[in-house]
There are 2 protein chains.
Amino acid sequence: MPKVLVVDDDAHIRELVRLYLEDEGIEVVQKRNGAEALEYAENHSPDLVVLDIMMPGMDGWDLCAKLRELGDMPILMITAKDELADRIKGFKLGTDDYLVKPFDPTELTLRVKALLKRYRITCSQTVQLGDLQLDRKSYQVVYKDGLEVTLPMKEFELLYKFGSYPGQLFTRDHLIGEIWGKDYEGDERTVDVHIKRLRERFAEHESDFRIVTLRGLGYRLEVCRD
Amino acid sequence: MPKVLVVDDDAHIRELVRLYLEDEGIEVVQKRNGAEALEYAENHSPDLVVLDIMMPGMDGWDLCAKLRELGDMPILMITAKDELADRIKGFKLGTDDYLVKPFDPTELTLRVKALLKRYRITCSQTVQLGDLQLDRKSYQVVYKDGLEVTLPMKEFELLYKFGSYPGQLFTRDHLIGEIWGKDYEGDERTVDVHIKRLRERFAEHESDFRIVTLRGLGYRLEVCRD
DNA sequence: GCTTTTGTTCATACTGAGTTCATACAAATG
DNA sequence: CATTTGTATGAACTCAGTATGAACAAAAGC
């Protein structure tokens with residue numbers, strides 16, 4: 001399920017966008033300003049960002065530039081007026097598409113879907129984890145020396161999750177929700193088994209990270225620095 | 001060098017586009033109408049098509065639909081007026097982007113470049129796959145020793161797809177959408193059979209690649225390193 | 001027409017990822 | 001230190017997902 005971050009100071013617009021996108025099975029997260037958006041993007045890596053140029057505080061341009069530093073998620077800009085100069089500036093900053101206010105929500109939906117589709121194909125989602133590289137396109141773990149190992153789905157998803165947010169605590173509940181799906185009706189303890197398998201998988205390789213148990217809370221990935 | 005097909009009955013516009021795109025190192029081919037454009041596209045597979053909706057004879061909509069049958073090259077439409085209904089219709093037909101007349105050539109250039117980048121255009125219609133070479137025009141596989149084998153369409157398209165993105169995971173759903181067409185209403189499992197046939201076709205030849213199953217996910221082409 | 005090639009569906013067997021479970025272990029609590 | 005609570009682990013089990021052969025359909029050659 002794709003996750004789209006919508007950044008606008010106008011709650012009405014955010015809601016409008018949410019309504020339409022959720023109809024298409026897209027998860028929508030709303031933020032009011034650049035600072036909040038940036039913080040969210042850092043921790044949750046949305047699949048796409050819809051942002052308004054005119055915002056108090058950090059404006060759309062700054063946010064766009066900062067988001068580009070985080071990764072290459074597609075960005076769709078909403079401009080108040082159809083200024084060509086703005087559009088050119090945006091393209092140079094790495095924006096992928098434009099909409100001019102007032103926009104038709106249907107068109108927004110279509111453009112978002114088109115971008116998401118393209119992004120899936122062209123952008124490799126990869127996470128660096130010490131000497132390892134996790135490639136979501138191939139579900140492979142690539143070692144520093146070039147050795148490639150394909151992990152089972154759940155194991156990969158878990159490691160990818162941990163690797164995306166090193167140091168962050170994940171409750172079993174949260175992991176189940178994100179990886180298994182919110183309507184999973186099995187035993188929460190199955191997470192333990194997969195963690196165990198991940199541990200023994202990388203135990204032999206003297207890896208520079210480990211998954212730590214926080215008793216009563218969950219798990220956390222710890223990167224060992226030398 | 002990317003190759004862009006520009007379709008418009010107005011020679012001035014074609015020339016304008018040509019001037020700007022060639023400045024960016026893009027090869028431009030001009031056609032005056034839908035019929036000519038279609039014939040060209042069939043034989044030369046441009047990397048991107050810029051087309052005007054308003055044309056005598058076959059209009060932009062028809063051309064767009066027919067181009068889509070040929071392949072999934074990106075299409076940028078030029079509309080005379082900014083009609084939302086048109087844009088929505090276009091998106092449904094598979095258009096990737098829009099420009100409204102009169103447009104700024106600079107913006108056209110930016111959008112064309114963005115689209116090409118998004119599609120990660122590779123201009124050759126052949127794919128090297130270890131010792132094999134896949135020629136999309138003839139649906140032939142050429143072996144290192146010069147032996148040429150013509151594959152059945154589906155098998156070739158599959159192998160070509162895999163060969164174009166080695167290591168990348170493809171879900172059955174995605175393969176069906178790209179090769180069979182988005183409105184295919186058959187059993188998804190038919191992919192399995194074609195994969196199986198591809199496997200047994202190249203099993204005897206000791207090939208340096210293989211199609212790997214990712215349980216619950218799809219398939220992936222793995223190139224064996226020596 | 002007929003044969004051959006290509007594509008799809010189906011039934012069956014098979015595999016292994018994912019789950020569950022029982023037990024052993026470790027950490028907190030009083 | 002005894003008890004409780006939470007976690008680790010090995011192994012068994014289950015079943016969704018896959019491989020495969022063959023039958024069937026449809027198109028392309030002859």
# chains A, B, ... in the order shown; residues from 1 in each chain; ligands from 1
$ closest_atom_pairs --of "chain B" --to "chain D" --cutoff "8 Å" --atoms "only C-alpha atoms (C1' of nucleotides)" --output "CSV"
residue,atom,partner,partner_atom,distance
B:Lys196,CA,D:DA19,C1',7.8
B:Arg215,CA,D:DG17,C1',6.7
B:Gly216,CA,D:DG17,C1',6.4
$ interface_residues --of "chain A" --to "chain B" --cutoff "8 Å" --atoms "only C-alpha atoms" --output "PyMOL selection string"
chain A and resi 84+87-88+91+96+104+106-107+110+114+118-119+122+137-139+152-153
$ interface_residues --of "chain B" --to "chain C" --cutoff "12 Å" --atoms "only C-alpha atoms (C1' of nucleotides)" --output "PyMOL selection string"
chain B and resi 151-155+180+185-194+197+213-217
$ select_by_dssp --residues "region 51-204 of chain A" --states "strand (DSSP E)" --output "MDAnalysis selection string"
chainID A and resid 51:52 75:79 97:100 126:129 132:135 140:142 148:150 169:170
$ residues_around --residues "Arg32 (chain A)" --least-positions-apart "3" --cutoff "12 Å" --atoms "only C-alpha atoms (C1' of nucleotides)" --output "list in words"
Leu5, Val6, Val7, Asp8, Asp9, Asp10, Ala11, His12, Ile13, Arg14, Glu15, Val29, Ala35, Glu36, Ala37, Leu38, Glu39, Tyr40, Val50, Leu51, Asp52, Met54, Met55, Pro56, Gly57, Met58, Asp59 and Gly60 of chain A
$ select_by_dssp --residues "region 23-208 of chain B" --states "alpha helix (DSSP H)" --output "count of residues only"
78
$ residues_around --residues "Asp135 (chain A)" --least-positions-apart "6" --cutoff "9 Å" --atoms "only C-alpha atoms (C1' of nucleotides)" --output "list in words"
Ser124, Gln125, Thr126, Val127, Gln128, Val141, Val142 and Tyr160 of chain A
